[in-house]
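J.: Coordinates in model.txt, compact mmCIF, C-alpha atoms, are listed below.
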# COMPACT_ATOMS: atom_id res chain seq x y z
CA MET P 846 68.76 -19.43 14.05
CA PRO P 847 67.97 -22.89 15.51
CA ASP P 848 65.59 -24.99 13.48
CA THR P 849 63.17 -25.32 16.41
CA VAL P 850 62.74 -21.54 16.55
CA VAL P 851 62.13 -21.27 12.80
CA LYS P 852 59.51 -24.01 12.96
CA ALA P 853 57.88 -22.52 16.04
CA ARG P 854 57.57 -19.11 14.36
CA GLN P 855 55.97 -20.65 11.31
CA GLN P 856 53.59 -22.69 13.43
CA ILE P 857 52.58 -19.63 15.45
CA ARG P 858 51.86 -17.80 12.21
CA GLU P 859 49.61 -20.64 11.12
CA LEU P 860 47.80 -20.53 14.47
CA LEU P 861 47.26 -16.79 14.04
CA VAL P 862 45.73 -17.48 10.63
CA ASP P 863 43.31 -19.84 12.36
CA VAL P 864 42.55 -17.34 15.12
CA PHE P 865 41.71 -14.65 12.60
CA GLY P 866 40.05 -16.94 10.07
CA GLY P 867 42.53 -15.85 7.41
CA PRO P 868 46.02 -14.46 6.73
CA SER P 869 45.11 -10.76 6.62
CA PHE P 870 46.56 -9.95 10.05
CA VAL P 871 49.61 -12.15 10.17
CA ASP P 872 50.81 -11.43 6.62
CA GLY P 873 51.54 -7.84 7.58
CA VAL P 874 53.33 -8.57 10.85
CA HIS P 875 57.08 -9.04 11.10
CA ASP P 876 58.27 -11.64 13.61
CA ALA P 877 59.80 -9.04 15.92
CA VAL P 878 56.92 -6.57 15.87
CA SER P 879 54.78 -6.11 18.97
CA LEU P 880 51.54 -7.99 18.38
CA ARG P 881 49.65 -5.47 20.47
CA GLU P 882 51.04 -2.54 18.53
CA ALA P 883 50.30 -4.37 15.28
CA GLY P 884 46.64 -4.35 16.30
CA LEU P 885 46.14 -7.81 17.76
CA PRO P 886 43.07 -7.34 19.95
CA SER P 887 44.42 -7.90 23.43
CA THR P 888 42.32 -10.81 24.53
CA ALA P 889 42.33 -12.44 21.09
CA LEU P 890 45.78 -13.31 22.31
CA VAL P 891 44.14 -15.80 24.63
CA ALA P 892 42.87 -17.80 21.68
CA LEU P 893 46.44 -17.97 20.38
CA LEU P 894 47.82 -18.97 23.77
CA VAL P 895 45.27 -21.77 24.11
CA ALA P 896 46.02 -22.92 20.56
CA MET P 897 49.74 -22.92 21.36
CA GLU P 898 49.17 -25.20 24.34
CA ASP P 899 47.51 -27.72 22.03
CA ALA P 900 49.97 -27.32 19.18
CA PHE P 901 53.18 -27.43 21.20
CA GLY P 902 52.07 -29.69 24.04
CA PHE P 903 52.73 -27.48 27.05
CA GLU P 904 50.75 -25.41 29.52
CA TRP P 905 51.34 -21.75 30.17
CA ASP P 906 52.52 -20.71 33.59
CA ASP P 907 51.12 -17.69 35.44
CA ASP P 908 54.64 -16.34 35.95
CA VAL P 909 55.44 -15.95 32.26
CA PRO P 910 56.55 -12.31 31.87
CA PRO P 911 54.70 -9.97 29.48
CA GLU P 912 57.84 -9.75 27.32
CA ALA P 913 57.43 -13.42 26.34
CA LEU P 914 54.02 -12.63 24.85
CA ARG P 915 55.17 -9.57 22.96
CA SER P 916 55.79 -10.90 19.45
CA ILE P 917 55.91 -13.99 17.28
CA GLU P 918 59.65 -13.99 17.87
CA SER P 919 59.36 -13.94 21.65
CA LEU P 920 56.57 -16.51 21.68
CA ALA P 921 58.68 -18.85 19.54
CA GLY P 922 61.63 -18.21 21.81
CA HIS P 923 59.54 -19.23 24.79
CA VAL P 924 58.54 -22.47 23.08
CA ALA P 925 62.12 -23.22 22.12
CA ALA P 926 63.34 -22.54 25.65
CA LEU P 927 60.83 -25.00 27.04
CA ARG P 928 62.13 -27.66 24.66
CA ASP P 929 65.82 -27.09 25.45
CA MET S 1129 39.00 -25.37 25.67
CA SER S 1130 39.52 -25.19 21.91
CA ALA S 1131 41.04 -22.15 20.23
CA ASP S 1132 37.67 -21.34 18.65
CA ALA S 1133 35.90 -21.53 22.00
CA ALA S 1134 38.60 -19.38 23.57
CA GLN S 1135 38.18 -16.84 20.79
CA ASP S 1136 34.45 -16.65 21.49
CA GLU S 1137 34.95 -16.54 25.23
CA TYR S 1138 37.77 -14.06 25.53
CA TYR S 1139 37.63 -11.86 22.47
CA HIS S 1140 37.28 -8.21 23.35
CA ASP S 1141 37.57 -5.43 20.84
CA LEU S 1142 39.26 -2.70 22.86
CA SER S 1143 39.96 -0.48 19.89
CA TYR S 1144 38.78 3.11 19.86
CA ARG S 1145 36.36 4.33 17.21
CA GLU S 1146 37.90 7.06 15.12
CA ASP S 1147 34.49 8.57 14.39
CA ALA S 1148 33.39 8.67 18.04
CA PRO S 1149 32.77 12.23 19.27
CA ARG S 1150 34.74 14.12 21.88
CA VAL S 1151 32.28 16.00 24.05
CA ARG S 1152 33.41 19.24 25.67
CA THR S 1153 32.42 19.23 29.35
CA ARG S 1154 34.53 21.97 30.92
CA ALA S 1155 37.09 24.51 29.74
CA ASP S 1156 39.75 22.56 27.83
CA ILE S 1157 38.20 19.20 28.77
CA GLU S 1158 36.87 16.84 26.13
CA LEU S 1159 35.70 13.31 26.81
CA TYR S 1160 35.85 10.38 24.40
CA CYS S 1161 32.36 8.97 24.10
CA GLU S 1162 30.48 6.13 22.39
CA SER S 1163 26.68 6.11 22.11
CA THR S 1164 24.84 3.05 20.85
CA GLY S 1165 21.12 2.35 20.54
CA ASP S 1166 18.06 4.48 21.19
CA GLY S 1167 15.62 5.16 23.99
CA VAL S 1168 16.11 5.56 27.70
CA ALA S 1169 19.77 6.30 28.37
CA ILE S 1170 22.18 4.11 30.33
CA THR S 1171 25.56 5.69 31.01
CA THR S 1172 28.44 3.46 32.07
CA LEU S 1173 31.01 4.69 34.57
CA ASN S 1174 34.57 3.41 34.28
CA ASN S 1175 36.26 2.22 37.44
CA PHE S 1176 39.84 3.26 36.51
CA PHE S 1177 40.62 -0.24 35.18
CA PHE S 1178 38.30 -0.16 32.17
CA THR S 1179 38.13 2.03 29.12
CA ALA S 1180 34.99 2.98 27.20
CA PRO S 1181 35.42 0.29 24.51
CA PHE S 1182 35.57 -2.40 27.21
CA TRP S 1183 31.85 -1.99 27.90
CA ARG S 1184 30.75 -3.05 24.42
CA ASP S 1185 30.80 -6.75 25.24
CA TYR S 1186 28.77 -6.21 28.40
CA THR S 1187 26.12 -3.84 27.08
CA GLY S 1188 25.40 -5.20 23.60
CA GLU S 1189 22.03 -6.66 24.59
CA LEU S 1190 21.09 -3.52 26.51
CA ALA S 1191 21.88 -1.39 23.45
CA LYS S 1192 19.12 -3.22 21.57
CA HIS S 1193 16.57 -1.69 23.95
CA TYR S 1194 18.16 1.47 25.33
CA ARG S 1195 20.71 4.11 24.46
CA VAL S 1196 24.02 3.02 26.00
CA VAL S 1197 26.61 5.74 26.51
CA SER S 1198 30.18 4.84 27.47
CA TYR S 1199 32.92 7.38 27.92
CA ASP S 1200 36.43 7.77 29.23
CA LEU S 1201 36.81 9.77 32.40
CA CYS S 1202 38.89 12.92 32.18
CA ASN S 1203 42.58 12.03 32.52
CA HIS S 1204 41.93 8.43 31.40
CA GLY S 1205 41.78 6.56 28.11
CA HIS S 1206 41.29 8.84 25.14
CA SER S 1207 39.82 11.78 27.04
CA THR S 1208 41.76 14.96 27.84
CA ARG S 1209 44.81 14.41 30.04
CA LEU S 1210 45.63 16.81 32.85
CA GLU S 1211 48.56 17.35 35.16
CA GLN S 1212 46.39 16.46 38.13
CA GLU S 1213 43.64 13.87 38.54
CA PRO S 1214 40.19 15.52 38.72
CA THR S 1215 38.34 15.36 42.01
CA TRP S 1216 35.17 13.29 42.38
CA GLU S 1217 33.23 16.55 42.09
CA GLU S 1218 34.95 17.37 38.82
CA HIS S 1219 34.27 13.90 37.46
CA ALA S 1220 30.61 14.41 38.41
CA THR S 1221 30.59 17.80 36.68
CA ASP S 1222 32.09 16.19 33.59
CA LEU S 1223 29.34 13.59 33.52
CA ILE S 1224 26.66 16.25 33.64
CA GLY S 1225 28.48 18.18 30.91
CA LEU S 1226 28.58 15.00 28.85
CA LEU S 1227 24.82 14.49 29.28
CA ASP S 1228 24.26 18.11 28.28
CA GLY S 1229 26.45 17.69 25.23
CA LEU S 1230 24.56 14.58 24.19
CA GLU S 1231 21.19 16.22 24.97
CA ILE S 1232 20.30 13.57 27.54
CA ASP S 1233 17.96 14.89 30.22
CA SER S 1234 18.38 11.96 32.58
CA THR S 1235 20.06 8.59 32.56
CA TYR S 1236 20.54 5.36 34.43
CA LEU S 1237 24.08 5.04 35.73
CA LEU S 1238 25.81 1.68 35.40
CA ALA S 1239 28.84 1.59 37.67
CA SER S 1240 31.35 -1.06 38.69
CA SER S 1241 33.54 -1.26 41.78
CA ALA S 1242 35.31 2.11 42.37
CA SER S 1243 32.95 3.99 40.05
CA THR S 1244 29.97 3.12 42.25
CA GLN S 1245 31.22 5.93 44.47
CA LEU S 1246 30.94 8.34 41.52
CA ALA S 1247 27.44 7.06 40.78
CA ARG S 1248 26.48 7.75 44.39
CA ASP S 1249 27.91 11.26 44.28
CA VAL S 1250 26.19 12.13 40.99
CA ALA S 1251 22.87 10.78 42.30
CA LEU S 1252 23.22 12.96 45.40
CA ALA S 1253 24.37 16.11 43.63
CA TYR S 1254 22.25 15.89 40.49
CA PRO S 1255 19.17 13.81 41.36
CA ASP S 1256 17.15 15.24 38.47
CA ARG S 1257 19.67 13.86 35.98
CA VAL S 1258 19.66 10.29 37.31
CA ARG S 1259 16.78 7.91 36.64
CA GLY S 1260 18.30 5.04 38.58
CA LEU S 1261 21.50 3.31 39.64
CA VAL S 1262 22.96 -0.07 38.80
CA LEU S 1263 25.86 -0.77 41.14
CA ALA S 1264 27.85 -3.86 40.16
CA GLY S 1265 30.23 -5.11 42.85
CA PRO S 1266 30.01 -1.84 44.78
CA VAL S 1267 32.81 -0.45 46.93
CA LEU S 1268 30.09 1.04 49.11
CA GLY S 1269 29.50 -0.99 52.24
CA PRO S 1270 26.67 -1.08 54.75
CA GLN S 1271 29.04 -0.04 57.54
CA GLY S 1272 31.53 2.00 55.51
CA MET S 1273 34.30 1.60 52.96
CA ARG S 1274 37.31 0.80 55.15
CA ARG S 1275 37.97 -2.69 53.80
CA HIS S 1276 37.86 -1.58 50.16
CA ARG S 1277 40.15 1.35 50.81
CA MET S 1278 42.68 -0.82 52.62
CA LEU S 1279 42.69 -3.07 49.59
CA GLN S 1280 43.09 -0.12 47.23
CA ARG S 1281 46.04 1.08 49.30
CA SER S 1282 47.66 -2.32 49.05
CA TRP S 1283 47.18 -2.27 45.26
CA VAL S 1284 48.90 1.13 45.05
CA ARG S 1285 51.80 -0.20 47.10
CA THR S 1286 52.13 -3.21 44.83
CA LEU S 1287 51.99 -0.96 41.78
CA ASN S 1288 54.64 1.40 43.13
CA ASP S 1289 56.95 -1.39 44.27
CA HIS S 1290 56.54 -3.93 41.47
CA GLY S 1291 54.78 -2.43 38.43
CA VAL S 1292 51.60 -3.14 36.53
CA PRO S 1293 52.07 -6.86 35.66
CA ILE S 1294 52.59 -7.80 39.32
CA LEU S 1295 49.68 -5.56 40.34
CA PHE S 1296 47.51 -7.57 37.98
CA SER S 1297 48.78 -10.81 39.56
CA HIS S 1298 47.89 -9.36 42.95
CA MET S 1299 44.42 -8.24 41.93
CA TYR S 1300 43.38 -11.14 39.72
CA PRO S 1301 42.50 -13.70 42.40
CA GLU S 1302 40.73 -10.95 44.34
CA PHE S 1303 38.40 -9.74 41.62
CA VAL S 1304 38.06 -12.86 39.48
CA SER S 1305 35.76 -15.59 40.75
CA THR S 1306 36.84 -19.10 41.61
CA GLN S 1307 34.84 -20.45 38.68
CA MET S 1308 36.31 -18.04 36.16
CA ASN S 1309 39.81 -18.59 37.51
CA GLU S 1310 39.50 -22.34 36.98
CA ASP S 1311 37.82 -22.01 33.59
CA TYR S 1312 40.28 -19.47 32.19
CA GLY S 1313 43.46 -21.16 33.44
CA SER S 1314 46.89 -19.64 32.84
CA ALA S 1315 46.21 -18.80 29.18
CA GLY S 1316 43.18 -16.75 30.20
CA PHE S 1317 45.09 -15.07 32.98
CA LEU S 1318 47.93 -14.09 30.66
CA GLY S 1319 45.57 -12.87 27.95
CA LEU S 1320 43.52 -10.78 30.34
CA ARG S 1321 46.76 -9.38 31.73
CA GLU S 1322 47.53 -8.16 28.22
CA SER S 1323 44.12 -6.47 28.11
CA PHE S 1324 44.84 -4.85 31.44
CA LEU S 1325 48.25 -3.63 30.27
CA ALA S 1326 46.68 -2.24 27.11
CA MET S 1327 43.98 -0.33 28.96
CA SER S 1328 45.93 1.30 31.77
CA THR S 1329 49.17 3.17 32.26
CA PRO S 1330 50.83 3.17 35.71
CA GLU S 1331 50.03 6.87 36.06
CA GLU S 1332 46.33 6.33 35.32
CA LEU S 1333 46.17 3.50 37.83
CA ILE S 1334 47.92 5.43 40.59
CA ASN S 1335 45.74 8.48 39.96
CA GLY S 1336 42.57 6.43 39.94
CA LEU S 1337 43.39 4.26 42.92
CA THR S 1338 44.48 7.30 44.90
CA LEU S 1339 41.23 9.10 44.14
CA ALA S 1340 39.26 5.97 44.99
CA GLN S 1341 40.52 6.23 48.57
CA GLN S 1342 39.06 9.71 48.93
CA GLY S 1343 35.54 10.96 49.46
CA ASP S 1344 32.90 10.53 52.10
CA SER S 1345 32.51 6.91 53.16
CA ASN S 1346 29.48 7.43 55.39
CA PRO S 1347 26.79 4.85 54.50
CA ALA S 1348 24.12 7.25 55.75
CA LEU S 1349 24.55 9.15 52.47
CA LEU S 1350 22.83 6.26 50.70
CA THR S 1351 19.61 6.84 52.62
CA ARG S 1352 19.22 10.12 50.71
CA ILE S 1353 19.21 8.51 47.27
CA GLN S 1354 15.60 8.28 46.20
CA MET S 1355 15.87 6.84 42.71
CA PRO S 1356 15.55 3.08 42.06
CA THR S 1357 18.81 1.32 42.78
CA LEU S 1358 19.91 -2.17 41.84
CA ILE S 1359 22.95 -3.77 43.42
CA THR S 1360 24.28 -6.70 41.42
CA LEU S 1361 26.64 -8.77 43.49
CA GLY S 1362 28.48 -11.98 42.78
CA ASP S 1363 28.20 -14.46 45.60
CA ASP S 1364 31.93 -15.04 45.11
CA ASP S 1365 32.78 -11.34 45.50
CA ILE S 1366 35.34 -11.46 48.29
CA LEU S 1367 34.91 -7.72 48.92
CA LEU S 1368 31.22 -7.79 49.82
CA SER S 1369 29.23 -10.78 51.03
CA PRO S 1370 25.66 -11.47 49.90
CA THR S 1371 24.47 -10.64 53.41
CA ALA S 1372 26.26 -7.30 53.30
CA GLY S 1373 24.90 -6.70 49.79
CA HIS S 1374 21.33 -7.05 51.02
CA GLU S 1375 22.11 -4.81 54.01
CA LEU S 1376 23.58 -2.25 51.63
CA ALA S 1377 20.51 -2.34 49.37
CA ALA S 1378 18.27 -1.84 52.40
CA LEU S 1379 19.94 1.51 53.05
CA PHE S 1380 18.59 2.88 49.78
CA PRO S 1381 14.93 3.95 50.10
CA ASN S 1382 14.26 2.23 46.77
CA GLY S 1383 17.02 -0.35 46.56
CA ARG S 1384 17.34 -4.04 45.99
CA CYS S 1385 20.13 -6.56 45.65
CA GLU S 1386 20.40 -9.35 43.10
CA ILE S 1387 22.92 -12.09 43.78
CA MET S 1388 24.69 -13.60 40.78
CA PRO S 1389 25.75 -17.20 41.51
CA LYS S 1390 29.47 -17.95 41.36
CA ALA S 1391 30.27 -14.48 40.00
CA GLY S 1392 33.15 -12.41 41.35
CA HIS S 1393 33.74 -8.73 42.08
CA VAL S 1394 32.97 -7.73 38.48
CA PRO S 1395 29.91 -9.93 38.02
CA PHE S 1396 29.26 -9.11 34.37
CA LEU S 1397 32.61 -10.70 33.48
CA ASP S 1398 31.24 -14.02 34.67
CA ASP S 1399 27.80 -13.80 33.12
CA PRO S 1400 27.33 -10.94 30.63
CA GLU S 1401 23.93 -12.16 29.45
CA GLY S 1402 22.55 -12.80 32.93
CA PHE S 1403 23.80 -9.43 34.10
CA GLN S 1404 22.17 -7.56 31.25
CA GLU S 1405 18.94 -9.45 31.81
CA LEU S 1406 18.91 -8.27 35.43
CA VAL S 1407 19.56 -4.69 34.35
CA ARG S 1408 16.86 -4.81 31.70
CA LYS S 1409 14.29 -6.18 34.11
CA PHE S 1410 15.22 -3.52 36.65
CA ILE S 1411 14.96 -0.65 34.19
CA ASP S 1412 11.72 -1.87 32.66
CA GLU S 1413 10.17 -2.09 36.12
CA ALA S 1414 11.52 1.29 37.13
CA GLU S 1415 10.22 2.89 33.95
CA ALA S 1416 6.82 1.29 34.43
CA ASN S 1417 6.66 2.78 37.92
CA ALA S 1418 8.07 6.17 36.95
Please, can you express the file's structure as structure tokens?
T.:
Amino acid sequence: MPDTVVKARQQIRELLVDVFGGPSFVDGVHDAVSLREAGLPSTALVALLVAMEDAFGFEWDDDVPPEALRSIESLAGHVAALRD
Amino acid sequence: MSADAAQDEYYHDLSYREDAPRVRTRADIELYCESTGDGVAITTLNNFFFTAPFWRDYTGELAKHYRVVSYDLCNHGHSTRLEQEPTWEEHATDLIGLLDGLEIDSTYLLASSASTQLARDVALAYPDRVRGLVLAGPVLGPQGMRRHRMLQRSWVRTLNDHGVPILFSHMYPEFVSTQMNEDYGSAGFLGLRESFLAMSTPEELINGLTLAQQGDSNPALLTRIQMPTLITLGDDDILLSPTAGHELAALFPNGRCEIMPKAGHVPFLDDPEGFQELVRKFIDEAEANA
């Protein structure tokens, strides 16, 4: 796995800790698991997306497909793809 | 916007309460229901895009003063699913059954968009059970409902041809105000799309939008509704202008229209506090005059 993806996944986990004010949610979630199915309140996702813009220095596009937002893995993949 | 501010702004708990009752309304029909607070009842009516938990963020202040009841319509959310979408009459019957089950003699109805038609029908069919109406971004128009129904047809076509995510892209600039669109940006759009995807299946949306195009669209029906009626309308609601909102309110014998600045088709999304303040003032006045 490319180093950028590994780092992005870790950084997204840290952002989720900030969003939830602690590690209780993210500690139980595997990278590939659907965040929605894991219980991430749907619009709490917005806080993560905004935090990702700041942390990774990009802006989300309206045409990003739902699949890109599905999991920590897919979110990290999106970040890595933007950097390639 | 910081992540903390975004969390405050956008956080919605859409989870269902495991201890919430299912109220039996007809043979083999049970409705998921949440009841919060005490006093005069306010019952929210879903518009096929919301679920019962969605209302919590927009009725929290009201629940400090009244009893707020939110439920999932039959065939939607966590209520009983059927092979066929209920008719408007059956949805109205379910609401009365729900009130009976909760031992509520009469209630204010708080409706949004497509569900304002259900509020109208319940007020006409069961006037003794309705204390008043709050119609937010109504699909009822002073001349009829043709424009709304054309729009609903176009949404169904988009849904059938392209699926739910593209339907949301289609609808978003139509129901979300200019101000909210700018403030939320792409992150807000994508996050709210996730909420939308979580709340609605394609089947529920098709059933709801198809039903929304049915029923009597004659504005003369509104002249028969005697109970106090408040129309809350965003002045950035592209489906109904402020002028038309006032004309619509004038059709009700006891109606009035409050314009919410810069709000869109679902005005409580833009200003939850301001919206609830309007509703509270309306109900307190109506109760004082009852």
J.: Distance table requested - chain P against chain S, cut-off 10 Å, all atoms listed in the file: one row per qualifying residue with the closest atom pair and its distance in Å to one decimal, ordered by chain and rising residue number, as a tab-separated table.
T.:
residue	atom	partner	partner_atom	distance
P:Leu860	CA	S:Ala1131	CA	9.0
P:Asp863	CA	S:Ala1131	CA	8.5
P:Val864	CA	S:Gln1135	CA	7.2
P:Phe865	CA	S:Gln1135	CA	9.2
P:Gly866	CA	S:Asp1132	CA	9.9
P:Arg881	CA	S:Ala1326	CA	8.0
P:Glu882	CA	S:Ala1326	CA	9.6
P:Gly884	CA	S:Ser1143	CA	8.5
P:Leu885	CA	S:Asp1141	CA	9.4
P:Pro886	CA	S:Asp1141	CA	5.9
P:Ser887	CA	S:Ser1323	CA	4.9
P:Thr888	CA	S:Gly1319	CA	5.1
P:Ala889	CA	S:Tyr1139	CA	4.9
P:Leu890	CA	S:Gly1319	CA	5.7
P:Val891	CA	S:Gly1319	CA	4.7
P:Ala892	CA	S:Gln1135	CA	4.9
P:Leu893	CA	S:Ala1131	CA	6.8
P:Leu894	CA	S:Ala1315	CA	5.6
P:Val895	CA	S:Ala1131	CA	5.8
P:Ala896	CA	S:Ala1131	CA	5.0
P:Met897	CA	S:Ala1131	CA	8.8
P:Glu898	CA	S:Ala1315	CA	8.6
P:Asp899	CA	S:Ser1130	CA	8.4
P:Glu904	CA	S:Ser1314	CA	7.7
P:Trp905	CA	S:Ser1314	CA	5.6
P:Asp906	CA	S:Ser1314	CA	5.8
P:Asp907	CA	S:Ser1314	CA	5.3
P:Asp908	CA	S:Ser1297	CA	8.8
P:Val909	CA	S:Leu1318	CA	7.9
P:Pro910	CA	S:Pro1293	CA	8.0
P:Pro911	CA	S:Pro1293	CA	7.4
P:Leu914	CA	S:Leu1318	CA	8.5
P:Arg915	CA	S:Glu1322	CA	9.4
J.: If I take CA of Pro1270 in chain S and CA of Ala1416 in chain S, how far is one from the other in Å, to one decimal?
T.: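 Spanning CA of Pro1270 in chain S to CA of Ala1416 in chain S is a straight-line distance of 28.5 Å.
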J.: Could you tell me how far CA of Gly1362 in chain S sits from CA of Ser1243 in chain S, in Å to one decimal place?
T.: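 Distance reported for this atom pair: 16.8 Å.
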J.: Do a neighbour search on Phe1177 in chain S at 12 Å with only C-alpha atoms, toss out local chain neighbours closer than 5 positions, and write the hits as a ChimeraX atom specification.
T.: /S:1182-1183,1200-1201,1204-1205,1240-1243,1292,1295-1296,1299,1303,1320-1321,1323-1337,1340,1394
J.: In Å, how far is it from CA of Met1355 in chain S to CA of Gly1260 in chain S?
T.: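 Rounded to one decimal, the two atoms are 5.1 Å apart.
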J.: Residues within 9 Å of range 1372-1376 of chain S, please, as number ranges by chain. Count only C-alpha atoms; anything in the same chain fewer than 5 positions from it doesn't count.
T.: S: 1265-1266, 1268-1271, 1347, 1350, 1359-1361, 1383-1387
J.: Please provide the set of residues having any atom within 10 Å of Arg928 in chain P, restricted to only C-alpha atoms, with same-chain residues fewer than 4 positions apart removed, written as a list in words.
T.: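 Returned residues: Thr849, Phe901, Phe903, Gly922, His923 and Val924 of chain P.
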J.: Identify, on the basis of all atoms listed in the file, every residue whose closest approach to Gln1280 in chain S does not exceed 9 Å; exclude the query and any residue fewer than 2 positions from it along the same chain; express the result as a tab-separated table (two decimals) with C-alpha atoms, keeping the file's coordinate frame.
T.:
chain	number	residue	atom	x	y	z
S	1275	ARG	CA	37.97	-2.69	53.80
S	1276	HIS	CA	37.86	-1.58	50.16
S	1277	ARG	CA	40.15	1.35	50.81
S	1278	MET	CA	42.68	-0.82	52.62
S	1282	SER	CA	47.66	-2.32	49.05
S	1283	TRP	CA	47.18	-2.27	45.26
S	1284	VAL	CA	48.90	1.13	45.05
S	1285	ARG	CA	51.80	-0.20	47.10
S	1337	LEU	CA	43.39	4.26	42.92
S	1338	THR	CA	44.48	7.30	44.90
S	1340	ALA	CA	39.26	5.97	44.99
S	1341	GLN	CA	40.52	6.23	48.57
J.: So that I can see what lies close to Ser1305 in chain S, please list as a ChimeraX atom specification the residues with an atom at most 10 Å from it, counting all atoms listed in the file and leaving out residues fewer than 4 positions away in the same chain.
T.: /S:1300-1301,1309-1311,1362-1366,1390-1395,1397-1398
J.: When distances are computed from all atoms listed in the file, which of S:Ala1378, S:Leu1261, S:Ile1170, S:Leu1339 shows the smallest separation from Ile1232 in chain S?
T.: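 Ranking S:Ala1378, S:Leu1261, S:Ile1170, S:Leu1339 by distance to Ile1232 in chain S, first place goes to S:Ile1170.
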